[in-house]
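Notes follow once the structure below has been shown.
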Amino acid sequence: MSATTPCRLVLLLALIGLLVACGDGSKPAPQRATSASAMPTDPALAQVYDTSCKMCHGNPASGAPLTGDGQAWSPRIAQGADTLLDHTINGYNGMPPMGLCMQCSEEQFLGLISFMSGQHIQ
Amino acid sequence: MATDFSRRQLLQRSALAGAFLALSSNPVLAQLARAPRLIPWRNWSGAQNCLPLARLAPKNLDELVQVIGQAPGKIRPVGAGHSFSALVPTDGTLLSLSFFNGLLDHDPKTLQATFAAGTPMSRMGPALKAVGQALPNMADIDYQTLAGAICTSTHGTGVGFTSYSGCVTGLQLVTAQGEVLDCDAQQHPEVFNVARVSLGALGVMTQVRSQNRAPYRLRERQWIAKTEELLEDVEKNTRENQHWEMLVVTHSDYALSIALNETTDAETPPIDPAEAGGNEFVSIIEKLDKYGSDFPEARRTLLNSLRYFASFEDRVAESFQVYANVRNVRFNEMEYSVPAEHGPASLREILKLISDKDLRTWFPIEYRYVKADDIPLSMFEGRDSCSISVHQHYTMDHHNFFAAVEPIFWKYAGRPHWGKLHTLNARNLQALYPRWEAFTRVRQALDPSGKFLNAHLSSILGVA
């Protein structure tokens, strides 16, 4: 018998645990109120949103907090404007740097976050 | 409580206090401290960055011409920032085409359509469907803009299909002198010929006309098999499927095989977005690497056992819905295209190297085929090719891993993907591209002062 067998067994159990956990996580989450078709009222911001943020924040498959999903945005908003701006500009986990808006100013980024979260950020 | 400071700590604190006083008392510095932060540009993975003098998005052609004429230094166009190589970074002007967006024209007889060059690829499928057209092939992600994809010869898979660039029938280019060139096989043919893969070094592309086809549905079939068996069956898999690729799970003996074929069958119900694109399995493999990399044999056993948990149902949907996947895990990537017949040997060597040296990586290797074209700087110029992509999670060091693998690609005369990481320069690249001078001649004529060059482009194109 190979010396690695005990390790294999332990890891196999870990794998099974992992898969079970992942299985639980992949169950469809309860549907939350979102605004997939919502657009900012400011036409300039709407243009930017449509060609950048919306690609992920309007797509449930992306894993990003969806536009209008207050519950998903709430813990992020709680981190404050500086942290949100830093994650937007430099990227964070799945969030790509600049959020696909290469020309956006700090003010525009804040405006877009405010629109998507439904909470005024400054 | 008394606090003891060392001499170094006292000096550090004195310097900080001095800086604070300077900022408080000097109105210019105080103004700077209150000013909005300088916004750096970073690419999708975060590995490339720059602090441009200006980030501009002209709203129309006139504005674009004006910007090109007035920009004080270098100009680099940027799309979605999905290139891993340093094509974009500049300390001059970063030029976004986000206002150059959407379908401009289409011809139902020829099935050709013209899009503004900043259009995201993800927007093209629905727009084309509405006018009775579809792209003949697509890559497995669609975050890129059209210009970004064309400029780097971005591609999908299928022995009968070229890259996006191979489908281009016309384009509009704004040159360094502000001249607007409409190019195709009849107008400015020499420019058109090379501009289909230009790395953004000839000017700013504003419109692209492509040859499309009628809309179609695809059936996606996925299965897990031993990598070696799939390699032995490469000819059969590529012959019997219009689009075939595999995602090879490193440190295992298995790969996910994916076949897409045209069908007239009815669409299957939409899948749960959380399960799209295999991201769930990517997450499991990542965790196995995190906790199992110290036990390589056990990790291999566990990775191999993943096949018992995997089940795949066929999916039928509109072509553009099937090609593209969501990729919500960021990574860095190196890809080379080798002559098609060397694909299996190249992959076998890479996998042996990873295994023998226990190289730290967990992202699957992507293995695809692309048809030859006739574009001077296309990776597929003059030869049917096999494209092999190695990835590394964006938080993990990619340098050592890529440096270990890259010589294998060189051995098989591989050509690096222009938008992905590599270490070649003009001297090496020139030898790989028989029609290299056709491109450099046009570039020199259109942009003699190098307005559209950055350090990376100067290096790979050999321009001092």
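Convention: chains lettered A, B, ... in structure tokens order; per-chain residue numbering from 1; ligands numbered from 1 as shown.
With the cut-off set to 7 Å and only C-alpha atoms counted, chain B residues close to chain A are Pro36, Arg42, Asn43, Trp44, Ser45, Gly46, Arg55, Leu56, Ala57, Ala80, Ser96, Ser98, Pro273, Ala274, Ala276, Ala298, Leu302, Val326, Asn328, Val329 and Arg330 of chain B.
Those residues that approach Leu199 of chain B to within 8 Å, counting only C-alpha atoms, are B:Leu87, B:Cys151, B:Thr152, B:Trp418; same-chain residues fewer than 6 positions away are not listed.
Of the listed residues (B:Arg415, B:Lys287, B:His393, B:Arg76), B:Lys287 comes nearest to Arg299 of chain B; the distances count only C-alpha atoms.
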Exercise for review: Pick out the residues sitting within 9 Å of His251 of chain B, and hand them over as a list of chain:residue names; count only C-alpha atoms, and ignore anything fewer than 3 positions along from it in its own chain.
Suggested key: B:Tyr254, B:Pro296, B:Glu297, B:Arg299, B:Arg300, B:Leu303, B:Asn304, B:Leu351, B:Ile354, B:Ser355, B:Asp358, B:Leu359, B:Thr361, B:Trp362
With N, CA, C and O atoms retained, could you export that selection as an mmCIF file, in the first residue's frame?
data_model
loop_
_atom_site.group_PDB
_atom_site.id
_atom_site.type_symbol
_atom_site.label_atom_id
_atom_site.label_comp_id
_atom_site.auth_asym_id
_atom_site.auth_seq_id
_atom_site.Cartn_x
_atom_site.Cartn_y
_atom_site.Cartn_z
ATOM 1 N N TYR B 254 -6.896 14.256 -16.923
ATOM 2 C CA TYR B 254 -8.161 14.431 -17.633
ATOM 3 C C TYR B 254 -8.345 15.845 -18.178
ATOM 4 O O TYR B 254 -7.670 16.787 -17.748
ATOM 5 N N PRO B 296 1.209 16.193 -4.085
ATOM 6 C CA PRO B 296 0.940 16.120 -5.531
ATOM 7 C C PRO B 296 0.220 14.847 -5.968
ATOM 8 O O PRO B 296 -0.689 14.903 -6.808
ATOM 9 N N GLU B 297 0.614 13.712 -5.407
ATOM 10 C CA GLU B 297 -0.030 12.458 -5.839
ATOM 11 C C GLU B 297 -1.493 12.426 -5.436
ATOM 12 O O GLU B 297 -2.366 12.007 -6.195
ATOM 13 N N ARG B 299 -3.321 15.011 -4.826
ATOM 14 C CA ARG B 299 -4.041 16.003 -5.615
ATOM 15 C C ARG B 299 -4.429 15.434 -6.974
ATOM 16 O O ARG B 299 -5.551 15.622 -7.446
ATOM 17 N N ARG B 300 -3.499 14.722 -7.607
ATOM 18 C CA ARG B 300 -3.806 14.127 -8.906
ATOM 19 C C ARG B 300 -4.980 13.151 -8.782
ATOM 20 O O ARG B 300 -5.895 13.133 -9.607
ATOM 21 N N LEU B 303 -8.132 15.217 -8.307
ATOM 22 C CA LEU B 303 -8.532 15.892 -9.554
ATOM 23 C C LEU B 303 -9.101 14.878 -10.546
ATOM 24 O O LEU B 303 -10.097 15.141 -11.225
ATOM 25 N N ASN B 304 -8.448 13.709 -10.626
ATOM 26 C CA ASN B 304 -8.952 12.678 -11.538
ATOM 27 C C ASN B 304 -10.353 12.216 -11.134
ATOM 28 O O ASN B 304 -11.164 11.845 -11.981
ATOM 29 N N LEU B 351 2.569 19.457 -20.453
ATOM 30 C CA LEU B 351 2.002 18.716 -19.323
ATOM 31 C C LEU B 351 3.080 17.920 -18.590
ATOM 32 O O LEU B 351 3.069 17.820 -17.353
ATOM 33 N N ILE B 354 5.057 20.407 -16.444
ATOM 34 C CA ILE B 354 4.300 20.820 -15.251
ATOM 35 C C ILE B 354 4.333 19.708 -14.205
ATOM 36 O O ILE B 354 4.516 19.954 -13.009
ATOM 37 N N SER B 355 4.171 18.481 -14.691
ATOM 38 C CA SER B 355 4.156 17.341 -13.772
ATOM 39 C C SER B 355 5.548 17.075 -13.195
ATOM 40 O O SER B 355 5.712 16.938 -11.974
ATOM 41 N N ASP B 358 6.533 19.868 -11.003
ATOM 42 C CA ASP B 358 5.453 20.235 -10.075
ATOM 43 C C ASP B 358 5.243 21.749 -10.074
ATOM 44 O O ASP B 358 5.223 22.402 -9.030
ATOM 45 N N LEU B 359 5.103 22.310 -11.267
ATOM 46 C CA LEU B 359 4.939 23.758 -11.392
ATOM 47 C C LEU B 359 3.626 24.188 -10.761
ATOM 48 O O LEU B 359 2.594 23.531 -10.923
ATOM 49 N N THR B 361 0.471 25.757 -10.588
ATOM 50 C CA THR B 361 -0.593 26.305 -11.426
ATOM 51 C C THR B 361 -1.822 25.427 -11.268
ATOM 52 O O THR B 361 -1.709 24.245 -10.963
ATOM 53 N N TRP B 362 -2.973 25.991 -11.436
ATOM 54 C CA TRP B 362 -4.177 25.148 -11.368
ATOM 55 C C TRP B 362 -5.182 25.486 -12.473
ATOM 56 O O TRP B 362 -6.118 24.736 -12.698
#
Check your understanding: Could you pull the residues within 6 Å of Leu256 of chain B, counting only C-alpha atoms, minus those fewer than 3 positions along the same chain, as number ranges by chain?
Key -> B: 223-224, 246-247
Would you export the selected residues with all heavy atoms as a CSV table (one decimal), in the first residue's frame, please?
chain,number,residue,atom,x,y,z
B,223,TRP,N,-17.8,16.6,-22.5
B,223,TRP,CA,-17.6,15.4,-21.8
B,223,TRP,C,-16.1,15.4,-21.3
B,223,TRP,O,-15.3,16.1,-21.8
B,223,TRP,CB,-17.8,14.2,-22.7
B,223,TRP,CG,-16.8,14.0,-23.9
B,223,TRP,CD1,-15.8,13.1,-23.9
B,223,TRP,CD2,-16.8,14.7,-25.1
B,223,TRP,NE1,-15.1,13.2,-25.1
B,223,TRP,CE2,-15.7,14.2,-25.9
B,223,TRP,CE3,-17.6,15.6,-25.7
B,223,TRP,CZ2,-15.5,14.6,-27.2
B,223,TRP,CZ3,-17.3,16.1,-27.0
B,223,TRP,CH2,-16.3,15.6,-27.7
B,224,ILE,N,-15.9,14.6,-20.2
B,224,ILE,CA,-14.6,14.5,-19.6
B,224,ILE,C,-14.0,13.2,-20.1
B,224,ILE,O,-14.6,12.1,-20.1
B,224,ILE,CB,-14.7,14.6,-18.1
B,224,ILE,CG1,-15.0,16.0,-17.6
B,224,ILE,CG2,-13.3,14.1,-17.5
B,224,ILE,CD1,-15.2,16.2,-16.2
B,246,MET,N,-10.4,21.6,-26.0
B,246,MET,CA,-10.4,21.0,-24.7
B,246,MET,C,-9.8,21.9,-23.7
B,246,MET,O,-8.9,22.7,-24.0
B,246,MET,CB,-9.8,19.6,-24.7
B,246,MET,CG,-8.4,19.5,-25.2
B,246,MET,SD,-7.8,17.8,-25.0
B,246,MET,CE,-6.2,17.9,-25.8
B,247,LEU,N,-10.3,21.7,-22.4
B,247,LEU,CA,-9.7,22.4,-21.3
B,247,LEU,C,-9.0,21.4,-20.5
B,247,LEU,O,-9.7,20.5,-19.8
B,247,LEU,CB,-10.8,23.1,-20.5
B,247,LEU,CG,-11.5,24.3,-21.2
B,247,LEU,CD1,-12.7,24.8,-20.4
B,247,LEU,CD2,-10.5,25.4,-21.5
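For segment 169-278 of chain B, the set of residues given alpha helix (DSSP H) by DSSP on the backbone reads Pro189, Glu190, Val191, Phe192, Asn193, Val194, Ala195, Thr227, Glu228, Glu229, Leu230, Leu231, Glu232, Val234, Glu235, Lys236, Asn237, Thr238, Arg239 and Glu240 of chain B.
Minimum atom-to-atom distances from A:Leu45, A:Ala38, A:His57, A:Gln122 to Gln108 of chain A were compared using only C-alpha atoms, and the lowest value belongs to A:Leu45.
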Practice item. Do a neighbour search on segment 396-410 of chain B at 9 Å with only C-alpha atoms, toss out local chain neighbours closer than 3 positions, and write the hits as a PyMOL selection string. Key: chain B and resi 331-338+346-347+349-350+353-354+359-361+388+390-393+413-416+421-423
Check your understanding: Near Val131 of chain B, counting only C-alpha atoms, which residues have an atom at most 10 Å away, once you skip same-chain residues fewer than 5 positions from it, shown as a PyMOL selection string?
Key -> chain B and resi 103+105-108+111+113+126+214-215
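For the pair atom CA of Leu218 of chain B and atom CA of Gly170 of chain B, the interatomic distance is 27.6 Å.
If only C-alpha atoms are the atoms counted, then among A:Leu66, A:Leu112, A:Ala81, A:Ala72 the closest residue to Ala44 of chain A is A:Leu112.
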Exercise for review: Kindly give the distance, in Å, that separates atom CA of Ser83 of chain B and atom CA of Ser153 of chain B, rounded to a single decimal.
Suggested key: 11.5 Å
Review point. Taking into account only C-alpha atoms, which residue in the set B:Gly203, B:Phe192, B:Val159, B:Val208 is nearest to Thr145 of chain B?
Key: B:Val208
Review point. DSSP on the backbone: what in segment 38-280 of chain B comes out strand (DSSP E), as an MDAnalysis selection string?
Key: chainID B and resid 41:42 49:50 54:56 75:78 93:96 103:107 112:116 168:174 180:184 204:211 217:226 243:248 254:263
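The coordinates place atom CA of Tyr323 of chain B at 6.5 Å from atom CA of Ala139 of chain B.
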